[in-house]
file input20.txt (compact mmCIF, C-alpha atoms and all ligand atoms)
# COMPACT_ATOMS: atom_id res chain seq x y z
CA MET R 1 -29.91 -2.63 -14.07
CA ALA R 2 -29.42 -5.85 -12.22
CA GLU R 3 -28.46 -7.45 -8.98
CA ILE R 4 -24.74 -8.26 -8.80
CA ARG R 5 -23.83 -11.59 -7.29
CA LEU R 6 -20.40 -12.88 -6.32
CA GLU R 7 -20.29 -16.63 -5.96
CA GLY R 8 -17.21 -17.84 -4.07
CA VAL R 9 -15.18 -15.06 -5.72
CA GLY R 10 -11.59 -14.68 -4.58
CA HIS R 11 -8.30 -13.44 -5.94
CA SER R 12 -4.68 -14.30 -5.29
CA TYR R 13 -1.79 -12.55 -7.05
CA ASP R 14 0.74 -15.23 -6.01
CA GLY R 15 -0.76 -18.57 -7.01
CA GLY R 16 -2.87 -19.04 -3.88
CA ARG R 17 -0.25 -18.40 -1.19
CA THR R 18 -1.98 -15.21 -0.05
CA TRP R 19 -5.42 -13.86 -0.89
CA ALA R 20 -5.90 -10.20 -1.84
CA LEU R 21 -9.60 -11.09 -1.65
CA ARG R 22 -10.56 -14.28 0.13
CA PRO R 23 -13.32 -16.35 -1.49
CA THR R 24 -16.52 -14.42 -0.88
CA THR R 25 -20.18 -14.98 -1.63
CA TRP R 26 -22.12 -11.77 -1.75
CA THR R 27 -25.10 -10.08 -3.41
CA TRP R 28 -25.52 -6.39 -4.21
CA ALA R 29 -29.19 -5.57 -4.59
CA ASP R 30 -30.42 -3.64 -7.59
CA GLY R 31 -30.71 0.10 -7.03
CA ARG R 32 -28.89 0.40 -3.73
CA ALA R 33 -25.79 2.39 -2.81
CA TYR R 34 -22.89 0.44 -1.33
CA ALA R 35 -19.60 1.67 0.08
CA LEU R 36 -16.56 -0.60 0.24
CA LEU R 37 -14.67 0.65 3.25
CA GLY R 38 -11.36 -0.50 4.67
CA PRO R 39 -7.71 0.43 5.18
CA SER R 40 -5.12 0.49 2.43
CA GLY R 41 -4.42 -2.98 1.07
CA CYS R 42 -7.61 -4.62 2.41
CA GLY R 43 -8.80 -5.66 -1.06
CA LYS R 44 -11.27 -2.91 -2.01
CA THR R 45 -9.81 -2.23 -5.45
CA THR R 46 -9.35 -5.93 -6.13
CA LEU R 47 -13.06 -6.49 -5.43
CA LEU R 48 -14.10 -3.49 -7.54
CA ASN R 49 -11.88 -4.57 -10.44
CA ILE R 50 -13.39 -8.05 -10.36
CA VAL R 51 -16.86 -6.53 -10.67
CA SER R 52 -15.77 -4.18 -13.47
CA GLY R 53 -13.95 -6.94 -15.35
CA LEU R 54 -10.50 -5.37 -15.13
CA LEU R 55 -9.48 -8.45 -13.15
CA THR R 56 -10.56 -12.06 -13.61
CA PRO R 57 -10.96 -13.74 -10.22
CA THR R 58 -8.75 -16.71 -9.43
CA VAL R 59 -11.83 -18.56 -8.14
CA GLY R 60 -15.58 -18.09 -8.32
CA ARG R 61 -18.17 -16.62 -10.66
CA VAL R 62 -19.56 -13.09 -11.07
CA TRP R 63 -23.23 -12.72 -12.05
CA PHE R 64 -25.12 -9.63 -13.25
CA GLY R 65 -28.71 -10.83 -12.81
CA ASP R 66 -28.84 -14.21 -14.56
CA ARG R 67 -25.86 -13.39 -16.80
CA ASP R 68 -22.53 -15.00 -15.89
CA VAL R 69 -20.03 -12.21 -16.66
CA THR R 70 -16.92 -13.83 -15.16
CA GLY R 71 -14.99 -13.92 -18.44
CA VAL R 72 -16.72 -10.92 -20.04
CA PRO R 73 -14.44 -7.91 -20.71
CA THR R 74 -15.18 -4.55 -19.10
CA ALA R 75 -16.48 -2.95 -22.30
CA ARG R 76 -19.23 -5.56 -22.59
CA ARG R 77 -20.34 -5.53 -18.94
CA ASP R 78 -22.42 -2.40 -19.31
CA ILE R 79 -21.10 -0.61 -16.28
CA ALA R 80 -20.00 2.98 -15.71
CA GLN R 81 -16.81 3.80 -13.86
CA VAL R 82 -15.52 6.91 -12.12
CA PHE R 83 -11.89 6.99 -11.06
CA GLN R 84 -9.85 9.11 -8.63
CA PHE R 85 -8.92 11.59 -11.33
CA PRO R 86 -11.02 13.21 -14.08
CA VAL R 87 -11.36 11.26 -17.32
CA LEU R 88 -12.75 13.73 -19.88
CA TYR R 89 -12.40 14.86 -23.47
CA GLU R 90 -10.73 18.13 -22.60
CA GLU R 91 -11.47 19.89 -25.88
CA MET R 92 -15.16 19.07 -25.70
CA SER R 93 -17.73 21.15 -23.84
CA VAL R 94 -19.17 19.93 -20.57
CA TYR R 95 -22.43 19.23 -22.42
CA ASP R 96 -20.71 17.05 -25.03
CA ASN R 97 -18.74 15.19 -22.38
CA LEU R 98 -21.96 14.35 -20.55
CA ALA R 99 -23.74 13.47 -23.79
CA PHE R 100 -20.93 11.27 -25.13
CA PRO R 101 -21.80 7.98 -23.34
CA LEU R 102 -25.44 8.34 -24.50
CA ARG R 103 -24.72 9.33 -28.11
CA ASN R 104 -22.16 6.55 -28.33
CA ARG R 105 -24.92 4.07 -27.65
CA GLY R 106 -27.38 5.61 -30.04
CA HIS R 107 -29.80 7.29 -27.65
CA PRO R 108 -32.17 9.64 -29.53
CA LYS R 109 -31.23 13.33 -29.48
CA ALA R 110 -34.16 14.48 -27.36
CA ALA R 111 -33.50 11.76 -24.76
CA VAL R 112 -29.81 12.73 -24.66
CA ASP R 113 -30.70 16.36 -24.07
CA GLU R 114 -33.23 15.55 -21.37
CA ARG R 115 -30.83 13.26 -19.54
CA VAL R 116 -27.77 15.58 -19.81
CA ARG R 117 -29.75 18.51 -18.44
CA ARG R 118 -31.17 16.45 -15.61
CA VAL R 119 -27.75 15.18 -14.46
CA ALA R 120 -26.25 18.67 -14.90
CA ARG R 121 -29.03 20.12 -12.74
CA LEU R 122 -28.48 17.49 -10.05
CA LEU R 123 -24.74 18.21 -9.98
CA GLY R 124 -25.06 21.99 -10.18
CA LEU R 125 -23.44 22.13 -13.64
CA GLU R 126 -26.25 23.85 -15.58
CA ASP R 127 -24.34 27.07 -16.07
CA GLN R 128 -21.16 25.22 -17.09
CA LEU R 129 -22.61 23.20 -19.96
CA GLY R 130 -21.16 25.41 -22.71
CA ARG R 131 -17.66 25.61 -21.23
CA ARG R 132 -14.71 23.67 -22.55
CA SER R 133 -13.78 21.01 -20.00
CA ARG R 134 -10.14 21.95 -19.90
CA ARG R 135 -11.11 25.42 -18.66
CA LEU R 136 -12.57 23.95 -15.46
CA ASP R 137 -10.54 23.44 -12.30
CA PRO R 138 -9.73 19.80 -11.42
CA GLY R 139 -12.51 19.61 -8.81
CA ARG R 140 -15.16 20.72 -11.33
CA GLN R 141 -13.70 18.39 -13.96
CA GLN R 142 -14.16 15.55 -11.51
CA ILE R 143 -17.80 16.55 -11.01
CA VAL R 144 -18.25 16.30 -14.78
CA SER R 145 -16.62 12.84 -14.62
CA LEU R 146 -19.16 11.91 -11.97
CA GLY R 147 -21.88 13.15 -14.28
CA ARG R 148 -20.54 10.98 -17.11
CA GLY R 149 -20.67 8.01 -14.75
CA LEU R 150 -24.27 8.71 -13.81
CA VAL R 151 -25.70 9.80 -17.14
CA ARG R 152 -26.65 6.42 -18.63
CA PRO R 153 -29.82 5.17 -16.98
CA GLU R 154 -29.51 1.57 -18.16
CA VAL R 155 -26.09 0.55 -16.81
CA ALA R 156 -25.87 -2.51 -14.55
CA ALA R 157 -23.89 -0.54 -11.98
CA VAL R 158 -21.85 2.60 -11.42
CA LEU R 159 -18.48 1.84 -9.82
CA LEU R 160 -16.63 4.68 -8.15
CA ASP R 161 -13.06 4.35 -6.90
CA GLU R 162 -12.27 7.12 -4.37
CA PRO R 163 -13.96 9.64 -6.68
CA LEU R 164 -13.66 12.69 -4.41
CA THR R 165 -9.87 12.63 -3.95
CA VAL R 166 -9.21 15.76 -6.04
CA VAL R 167 -12.29 17.67 -4.92
CA ASP R 168 -11.59 20.37 -2.31
CA PRO R 169 -12.93 19.69 1.20
CA ALA R 170 -15.79 22.23 1.17
CA LEU R 171 -17.16 20.93 -2.12
CA LYS R 172 -16.61 17.33 -1.02
CA TRP R 173 -19.05 17.85 1.80
CA THR R 174 -21.77 19.05 -0.58
CA LEU R 175 -21.04 16.42 -3.18
CA ARG R 176 -21.29 13.52 -0.76
CA SER R 177 -24.88 14.27 0.09
CA LYS R 178 -25.66 15.27 -3.49
CA LEU R 179 -24.40 11.93 -4.73
CA LYS R 180 -26.82 10.23 -2.39
CA GLU R 181 -29.65 12.42 -3.69
CA ILE R 182 -28.71 11.63 -7.28
CA GLN R 183 -28.55 7.93 -6.60
CA ARG R 184 -32.08 8.08 -5.16
CA ASP R 185 -33.20 9.88 -8.29
CA THR R 186 -31.41 7.69 -10.86
CA ARG R 187 -31.80 4.42 -8.87
CA HIS R 188 -28.44 3.17 -10.08
CA THR R 189 -26.71 0.37 -8.21
CA LEU R 190 -23.71 2.25 -6.90
CA VAL R 191 -20.52 0.75 -5.50
CA TYR R 192 -18.23 3.32 -3.96
CA VAL R 193 -14.70 2.51 -2.79
CA THR R 194 -13.22 4.61 -0.02
CA HIS R 195 -10.95 4.44 2.99
CA ASP R 196 -12.74 7.48 4.46
CA GLN R 197 -15.43 6.47 6.92
CA THR R 198 -17.26 9.81 6.70
CA GLU R 199 -17.64 9.38 2.96
CA ALA R 200 -18.88 5.82 3.37
CA LEU R 201 -21.28 6.60 6.19
CA THR R 202 -22.89 9.68 4.64
CA PHE R 203 -23.35 8.14 1.26
CA ALA R 204 -24.18 4.44 1.52
CA ASP R 205 -27.37 2.50 2.17
CA GLU R 206 -25.06 -0.30 3.15
CA VAL R 207 -21.39 -0.28 4.09
CA VAL R 208 -19.20 -3.30 3.37
CA VAL R 209 -16.22 -3.27 5.74
CA LEU R 210 -13.16 -5.14 4.50
CA ASN R 211 -10.00 -6.08 6.33
CA GLU R 212 -7.14 -8.27 5.15
CA GLY R 213 -9.06 -9.47 2.11
CA ARG R 214 -12.16 -10.42 4.05
CA ILE R 215 -15.61 -8.84 4.41
CA VAL R 216 -15.88 -8.48 8.18
CA GLN R 217 -19.32 -6.87 8.43
CA THR R 218 -21.91 -5.29 6.20
CA GLY R 219 -24.85 -3.17 7.20
CA PRO R 220 -26.42 0.26 7.27
CA PRO R 221 -24.10 2.92 8.76
CA ALA R 222 -25.96 3.13 12.08
CA GLU R 223 -25.78 -0.62 12.58
CA LEU R 224 -22.00 -0.65 12.11
CA PHE R 225 -21.66 2.14 14.61
CA LEU R 226 -24.12 0.90 17.22
CA SER R 227 -23.62 -2.80 16.89
CA PRO R 228 -20.14 -3.80 15.66
CA ALA R 229 -19.99 -7.54 15.06
CA HIS R 230 -16.21 -7.56 14.83
CA GLU R 231 -13.52 -5.76 16.82
CA PHE R 232 -12.07 -4.34 13.63
CA VAL R 233 -15.34 -2.55 12.78
CA GLY R 234 -15.37 -1.05 16.26
CA HIS R 235 -11.81 0.27 15.79
CA PHE R 236 -12.06 1.41 12.22
CA ILE R 237 -15.39 3.21 12.41
CA GLY R 238 -15.64 6.05 14.91
CA SER R 239 -13.38 8.87 15.93
CA PRO R 240 -11.74 7.81 18.10
CA GLY R 241 -12.68 4.16 17.59
CA MET R 242 -14.11 1.76 20.14
CA ASN R 243 -12.23 1.18 23.41
CA VAL R 244 -11.11 -2.43 23.63
CA LEU R 245 -10.13 -3.70 27.08
CA PRO R 246 -8.78 -7.15 27.93
CA ALA R 247 -11.27 -8.75 30.33
CA GLU R 248 -12.15 -12.02 32.04
CA VAL R 249 -15.47 -13.79 32.46
CA ALA R 250 -15.68 -15.70 35.76
CA ASP R 251 -18.37 -16.39 38.35
CA GLY R 252 -20.98 -14.64 36.21
CA LEU R 253 -19.01 -11.37 36.19
CA VAL R 254 -16.85 -9.51 33.68
CA ARG R 255 -13.69 -8.03 35.18
CA VAL R 256 -11.13 -5.70 33.60
CA GLY R 257 -7.79 -6.07 35.41
CA GLY R 258 -9.66 -7.16 38.56
CA VAL R 259 -12.24 -4.32 38.38
CA VAL R 260 -15.84 -5.48 37.97
CA ALA R 261 -17.30 -3.96 34.79
CA GLY R 262 -20.66 -5.80 34.77
CA ARG R 263 -21.98 -9.21 33.89
CA PRO R 264 -22.53 -10.95 30.57
CA ALA R 265 -26.10 -10.19 29.40
CA ARG R 266 -26.42 -13.88 28.60
CA GLU R 267 -24.47 -16.79 30.04
CA LEU R 268 -20.99 -17.07 28.59
CA PRO R 269 -18.34 -19.76 29.18
CA PRO R 270 -15.67 -18.47 31.59
CA GLY R 271 -12.33 -17.31 30.19
CA PRO R 272 -10.67 -14.31 28.57
CA VAL R 273 -12.73 -11.93 26.45
CA ARG R 274 -12.25 -8.38 25.18
CA LEU R 275 -14.67 -5.71 26.22
CA GLY R 276 -15.52 -3.16 23.55
CA VAL R 277 -17.30 0.11 24.26
CA ARG R 278 -17.39 3.24 22.15
CA PRO R 279 -16.23 6.53 23.74
CA GLU R 280 -19.71 7.93 23.04
CA PHE R 281 -21.24 5.29 25.30
CA VAL R 282 -18.89 5.73 28.25
CA ARG R 283 -20.40 8.26 30.62
CA PRO R 284 -18.93 9.62 33.81
CA THR R 285 -21.48 8.92 36.50
CA ALA R 286 -22.13 9.92 40.09
CA ARG R 287 -22.05 6.67 41.98
CA PRO R 288 -25.01 7.14 44.30
CA LEU R 289 -27.33 7.66 41.31
CA SER R 290 -26.14 4.91 39.07
CA PRO R 291 -23.85 1.87 39.33
CA GLY R 292 -20.64 2.40 37.44
CA VAL R 293 -17.24 1.01 36.59
CA ALA R 294 -14.48 2.27 38.90
CA ALA R 295 -11.91 4.21 36.88
CA ARG R 296 -9.16 6.75 37.41
CA VAL R 297 -9.27 9.89 35.29
CA THR R 298 -5.83 10.58 33.82
CA GLY R 299 -6.51 13.59 31.60
CA VAL R 300 -8.90 15.52 29.38
CA ASP R 301 -8.43 16.57 25.76
CA ARG R 302 -10.57 19.61 24.96
CA MET R 303 -11.57 19.18 21.33
CA GLY R 304 -13.87 22.19 21.03
CA SER R 305 -17.10 20.44 20.07
CA HIS R 306 -16.53 17.75 22.71
CA ASP R 307 -14.07 16.57 25.33
CA LEU R 308 -12.19 13.29 25.38
CA VAL R 309 -11.79 12.16 28.95
CA ARG R 310 -8.89 9.76 29.38
CA ALA R 311 -9.15 7.26 32.19
CA GLU R 312 -7.79 3.94 33.38
CA VAL R 313 -9.75 0.84 34.37
CA GLY R 314 -7.84 -1.99 36.02
CA GLY R 315 -4.63 -0.63 34.46
CA HIS R 316 -6.10 -0.37 30.94
CA PRO R 317 -6.76 2.91 29.08
CA LEU R 318 -10.32 4.03 28.42
CA VAL R 319 -11.62 7.11 26.57
CA ALA R 320 -14.99 8.76 27.12
CA ARG R 321 -16.43 11.37 24.76
CA THR R 322 -18.39 13.96 26.70
CA GLU R 323 -19.97 17.38 26.33
CA PRO R 324 -17.36 20.15 26.29
CA GLY R 325 -16.48 21.26 29.78
CA ALA R 326 -18.23 18.32 31.47
CA ALA R 327 -16.56 17.73 34.83
CA PRO R 328 -14.51 14.54 34.62
CA ALA R 329 -14.04 14.31 38.37
CA GLU R 330 -16.39 11.39 38.99
CA PRO R 331 -14.34 8.25 39.37
CA TYR R 332 -17.14 6.03 38.00
CA PHE R 333 -18.10 5.44 34.43
CA HIS R 334 -21.33 4.04 33.14
CA PHE R 335 -21.05 1.76 30.07
CA GLU R 336 -23.87 1.58 27.53
CA ARG R 337 -23.73 -0.64 24.46
CA ALA R 338 -20.68 -2.54 25.64
CA PHE R 339 -19.92 -5.78 23.81
CA LEU R 340 -17.76 -8.81 24.49
CA PHE R 341 -15.48 -10.27 21.83
CA ARG R 342 -13.64 -13.57 21.50
CA ASP R 343 -11.17 -14.09 18.65
CA GLU R 344 -12.21 -10.59 17.52
CA VAL R 345 -15.80 -11.72 16.87
CA ARG R 346 -18.64 -10.51 19.08
CA CYS R 347 -19.77 -13.21 21.50
CA GLY R 348 -21.99 -11.27 23.88
CA GLU R 349 -23.05 -8.06 25.48
CA LEU R 350 -22.26 -6.51 28.83
CA ALA R 351 -25.07 -5.86 31.30
CA ALA R 352 -24.69 -3.49 34.22
CA LEU R 353 -24.87 -4.77 37.77
CA GLU R 354 -28.02 -3.76 39.59
CA GLY R 355 -27.45 -1.39 42.50
CA SER R 356 -23.72 -2.07 42.88
P1 LIG R 401 -5.67 0.89 -1.50
O1 LIG R 401 -6.72 1.66 -0.74
O2 LIG R 401 -4.29 1.18 -1.03
O3 LIG R 401 -5.84 0.99 -2.98
P2 LIG R 401 -7.06 -1.65 -1.48
O4 LIG R 401 -7.89 -1.89 -0.28
O5 LIG R 401 -7.75 -1.19 -2.69
O6 LIG R 401 -5.88 -0.65 -1.11
P3 LIG R 401 -5.98 -3.75 -3.12
O7 LIG R 401 -5.35 -2.79 -4.06
O8 LIG R 401 -7.19 -4.49 -3.56
O9 LIG R 401 -6.29 -3.01 -1.73
O10 LIG R 401 -4.87 -4.78 -2.64
C1 LIG R 401 -5.13 -5.92 -1.83
C2 LIG R 401 -3.83 -6.68 -1.64
O11 LIG R 401 -3.38 -7.19 -2.89
C3 LIG R 401 -2.70 -5.84 -1.09
O12 LIG R 401 -1.96 -6.63 -0.18
C4 LIG R 401 -1.86 -5.51 -2.31
O13 LIG R 401 -0.51 -5.36 -1.96
C5 LIG R 401 -2.06 -6.75 -3.17
N1 LIG R 401 -2.00 -6.42 -4.62
C6 LIG R 401 -2.78 -5.54 -5.27
N2 LIG R 401 -2.46 -5.49 -6.58
C7 LIG R 401 -1.44 -6.36 -6.76
C8 LIG R 401 -0.68 -6.77 -7.90
N3 LIG R 401 -0.92 -6.27 -9.11
N4 LIG R 401 0.29 -7.68 -7.68
C9 LIG R 401 0.53 -8.21 -6.47
N5 LIG R 401 -0.17 -7.87 -5.36
C10 LIG R 401 -1.14 -6.96 -5.50
call {"tool": "encode", "arguments": {"input": "input20.txt", "output": "structure tokens"}}
result
Amino acid sequence: MAEIRLEGVGHSYDGGRTWALRPTTWTWADGRAYALLGPSGCGKTTLLNIVSGLLTPTVGRVWFGDRDVTGVPTARRDIAQVFQFPVLYEEMSVYDNLAFPLRNRGHPKAAVDERVRRVARLLGLEDQLGRRSRRLDPGRQQIVSLGRGLVRPEVAAVLLDEPLTVVDPALKWTLRSKLKEIQRDTRHTLVYVTHDQTEALTFADEVVVLNEGRIVQTGPPAELFLSPAHEFVGHFIGSPGMNVLPAEVADGLVRVGGVVAGRPARELPPGPVRLGVRPEFVRPTARPLSPGVAARVTGVDRMGSHDLVRAEVGGHPLVARTEPGAAPAEPYFHFERAFLFRDEVRCGELAALEGS
């Protein structure tokens, strides 16, 4: 296994007029699990295909350790791939499907058996090993495909492109955490493409968020949630995503439509900003106990596990996520972890006013 390094790698399908992936320099550390997360068309598959060798980048070099693999075809990159749909030898047993990638590379029989049984145990396939693959339902077939992807210990990386699409929701839940467990056990470098934030957040050591062909932020799941460096990350991660309110910095204060929301935690040049705060960190507050932002409650959506309190600050909508049944009557909201953005990039943090 090896570290994977992209050196100024970019791809354009139309001779450089637009970039499916803008030139990017990036390193994936050996043995970690990465998720590539972003909306449709953001460049996830383009990036994955460049790493797998299905696509040669328009610019830049791809390195596996100290080996420049930029022009090396997929078959000679020593990677494993799992796609959206099962890729199996249907007439072979589950055991033989799992053993195939190892036998094909001349692994000794005992090592093949040990490895197949270990991966089967990790994926809950022990009692399916003798079955013909075509007799399994598509979800189980996909689990066998996952097993084939994970069975070779020596691959440089395992690349997975939306691998849980055909797996039914209940099983998906189990598999997501299992995959994480397996990765810890096998210590593969895993790169997992998804547009589903839950999949990315439960599985990855590090999430790479892409938008419009650009990596906008990378980090552990909690960091992306608690500390978005870019407005897009705030929107895209979270359910619902971060509130973003047009605001103004002037006289050491931050105002939203004339309403004072706080002050910049550190000095910031005056002018327009956007204030971002996640619904989880907007709390209705009783004014005498705590300073708050004046807001008007416009409605409550009862979601069962939580409520979404809809409000308005200075004419702009704001959502707070609260305990179910929490009284939304208080016309003040306390903001925690509120950030300021300029040109979509974080430029500061909001601090509350003392005793206001
Ligand atoms: P999805 O989740 O829908 O697969 P993605 O994030 O994987 O999307 P890519 O498939 O990498 O995105 O596409 C990135 C951009 O490149 C998109 O604007 C897409 O339209 C464009 N693109 C992808 N493949 C081609 C191609 N073969 N020819 C021209 N443009 C392409």
call {"tool": "closest_residue", "arguments": {"input": "input20.txt", "among": "R:Ala294, R:Leu123, R:Leu102, R:Val82", "to": "Pro163 in chain R", "atoms": "all atoms listed in the file"}}
result
R:Val82
call {"tool": "closest_residue", "arguments": {"input": "input20.txt", "among": "R:Pro108, R:Pro221, R:Gly139, R:Gly213", "to": "Ala33 in chain R", "atoms": "all atoms listed in the file"}}
result
R:Pro221
call {"tool": "residues_around", "arguments": {"input": "input20.txt", "residues": "range 188-196 of chain R", "least_positions_apart": "5", "cutoff": "8 Å", "atoms": "only C-alpha atoms", "output": "PyMOL selection string"}}
result
chain R and resi 1-2+28-40+44-45+48+150+153+155-162+183
call {"tool": "write_last_selection", "arguments": {"input": "input20.txt", "atoms": "C-alpha atoms", "output": "mmCIF file, keeping the file's coordinate frame"}}
result
data_model
loop_
_atom_site.group_PDB
_atom_site.id
_atom_site.type_symbol
_atom_site.label_atom_id
_atom_site.label_comp_id
_atom_site.auth_asym_id
_atom_site.auth_seq_id
_atom_site.Cartn_x
_atom_site.Cartn_y
_atom_site.Cartn_z
ATOM 1 C CA MET R 1 -29.910 -2.630 -14.070
ATOM 2 C CA ALA R 2 -29.420 -5.850 -12.220
ATOM 3 C CA TRP R 28 -25.520 -6.390 -4.210
ATOM 4 C CA ALA R 29 -29.190 -5.570 -4.590
ATOM 5 C CA ASP R 30 -30.420 -3.640 -7.590
ATOM 6 C CA GLY R 31 -30.710 0.100 -7.030
ATOM 7 C CA ARG R 32 -28.890 0.400 -3.730
ATOM 8 C CA ALA R 33 -25.790 2.390 -2.810
ATOM 9 C CA TYR R 34 -22.890 0.440 -1.330
ATOM 10 C CA ALA R 35 -19.600 1.670 0.080
ATOM 11 C CA LEU R 36 -16.560 -0.600 0.240
ATOM 12 C CA LEU R 37 -14.670 0.650 3.250
ATOM 13 C CA GLY R 38 -11.360 -0.500 4.670
ATOM 14 C CA PRO R 39 -7.710 0.430 5.180
ATOM 15 C CA SER R 40 -5.120 0.490 2.430
ATOM 16 C CA LYS R 44 -11.270 -2.910 -2.010
ATOM 17 C CA THR R 45 -9.810 -2.230 -5.450
ATOM 18 C CA LEU R 48 -14.100 -3.490 -7.540
ATOM 19 C CA LEU R 150 -24.270 8.710 -13.810
ATOM 20 C CA PRO R 153 -29.820 5.170 -16.980
ATOM 21 C CA VAL R 155 -26.090 0.550 -16.810
ATOM 22 C CA ALA R 156 -25.870 -2.510 -14.550
ATOM 23 C CA ALA R 157 -23.890 -0.540 -11.980
ATOM 24 C CA VAL R 158 -21.850 2.600 -11.420
ATOM 25 C CA LEU R 159 -18.480 1.840 -9.820
ATOM 26 C CA LEU R 160 -16.630 4.680 -8.150
ATOM 27 C CA ASP R 161 -13.060 4.350 -6.900
ATOM 28 C CA GLU R 162 -12.270 7.120 -4.370
ATOM 29 C CA GLN R 183 -28.550 7.930 -6.600
#
call {"tool": "closest_residue", "arguments": {"input": "input20.txt", "among": "R:Cys42, R:Ala352, R:Met303, R:Leu210", "to": "ligand LIG 401 (chain R)", "atoms": "all atoms listed in the file"}}
result
R:Cys42
call {"tool": "closest_residue", "arguments": {"input": "input20.txt", "among": "R:His230, R:Arg214, R:Arg5, R:Arg255", "to": "Pro23 in chain R", "atoms": "all atoms listed in the file"}}
result
R:Arg214
call {"tool": "closest_residue", "arguments": {"input": "input20.txt", "among": "R:Val259, R:Val72, R:Asp205, R:Met242", "to": "Arg184 in chain R", "atoms": "only C-alpha atoms"}}
result
R:Asp205
call {"tool": "closest_residue", "arguments": {"input": "input20.txt", "among": "R:Val273, R:Ala326, R:Ala295, R:Leu353", "to": "Phe339 in chain R", "atoms": "all atoms listed in the file"}}
result
R:Val273
call {"tool": "closest_atom_pairs", "arguments": {"input": "input20.txt", "of": "range 274-350 of chain R", "to": "range 264-269 of chain R", "cutoff": "9 Å", "atoms": "only C-alpha atoms", "output": "tab-separated table"}}
result
residue	atom	partner	partner_atom	distance
R:Phe339	CA	R:Pro264	CA	8.9
R:Leu340	CA	R:Pro264	CA	8.0
R:Cys347	CA	R:Leu268	CA	8.2
R:Gly348	CA	R:Pro264	CA	6.7
R:Glu349	CA	R:Ala265	CA	5.4
R:Leu350	CA	R:Pro264	CA	4.8
call {"tool": "decode", "arguments": {"input": "input20.txt", "residues": "range 217-231 of chain R", "atoms": "N, CA and C atoms", "output": "mmCIF file, in the first residue's frame"}}
result
data_model
loop_
_atom_site.group_PDB
_atom_site.id
_atom_site.type_symbol
_atom_site.label_atom_id
_atom_site.label_comp_id
_atom_site.auth_asym_id
_atom_site.auth_seq_id
_atom_site.Cartn_x
_atom_site.Cartn_y
_atom_site.Cartn_z
ATOM 1 N N GLN R 217 -13.226 21.863 1.070
ATOM 2 C CA GLN R 217 -12.721 21.642 2.432
ATOM 3 C C GLN R 217 -12.505 20.158 2.632
ATOM 4 N N THR R 218 -11.500 19.831 3.418
ATOM 5 C CA THR R 218 -11.301 18.437 3.788
ATOM 6 C C THR R 218 -11.102 18.398 5.293
ATOM 7 N N GLY R 219 -11.547 17.322 5.898
ATOM 8 C CA GLY R 219 -11.340 17.204 7.335
ATOM 9 C C GLY R 219 -12.150 16.065 7.896
ATOM 10 N N PRO R 220 -11.909 15.753 9.176
ATOM 11 C CA PRO R 220 -12.730 14.737 9.827
ATOM 12 C C PRO R 220 -14.188 15.210 9.871
ATOM 13 N N PRO R 221 -15.144 14.269 9.887
ATOM 14 C CA PRO R 221 -16.557 14.646 9.844
ATOM 15 C C PRO R 221 -16.935 15.732 10.848
ATOM 16 N N ALA R 222 -16.484 15.606 12.088
ATOM 17 C CA ALA R 222 -16.907 16.574 13.111
ATOM 18 C C ALA R 222 -16.419 17.980 12.763
ATOM 19 N N GLU R 223 -15.231 18.042 12.189
ATOM 20 C CA GLU R 223 -14.675 19.366 11.858
ATOM 21 C C GLU R 223 -15.523 20.050 10.777
ATOM 22 N N LEU R 224 -15.967 19.262 9.788
ATOM 23 C CA LEU R 224 -16.783 19.846 8.723
ATOM 24 C C LEU R 224 -18.108 20.348 9.282
ATOM 25 N N PHE R 225 -18.620 19.611 10.259
ATOM 26 C CA PHE R 225 -19.895 20.001 10.839
ATOM 27 C C PHE R 225 -19.733 21.215 11.760
ATOM 28 N N LEU R 226 -18.731 21.164 12.608
ATOM 29 C CA LEU R 226 -18.602 22.200 13.648
ATOM 30 C C LEU R 226 -17.905 23.452 13.144
ATOM 31 N N SER R 227 -17.103 23.297 12.114
ATOM 32 C CA SER R 227 -16.260 24.416 11.726
ATOM 33 C C SER R 227 -16.156 24.553 10.196
ATOM 34 N N PRO R 228 -17.284 24.795 9.521
ATOM 35 C CA PRO R 228 -17.224 24.887 8.051
ATOM 36 C C PRO R 228 -16.363 26.070 7.604
ATOM 37 N N ALA R 229 -15.443 25.792 6.696
ATOM 38 C CA ALA R 229 -14.537 26.847 6.238
ATOM 39 C C ALA R 229 -15.109 27.559 5.020
ATOM 40 N N HIS R 230 -16.187 26.998 4.480
ATOM 41 C CA HIS R 230 -16.747 27.499 3.238
ATOM 42 C C HIS R 230 -18.272 27.412 3.360
ATOM 43 N N GLU R 231 -18.963 28.404 2.835
ATOM 44 C CA GLU R 231 -20.425 28.406 2.918
ATOM 45 C C GLU R 231 -21.027 27.120 2.363
#
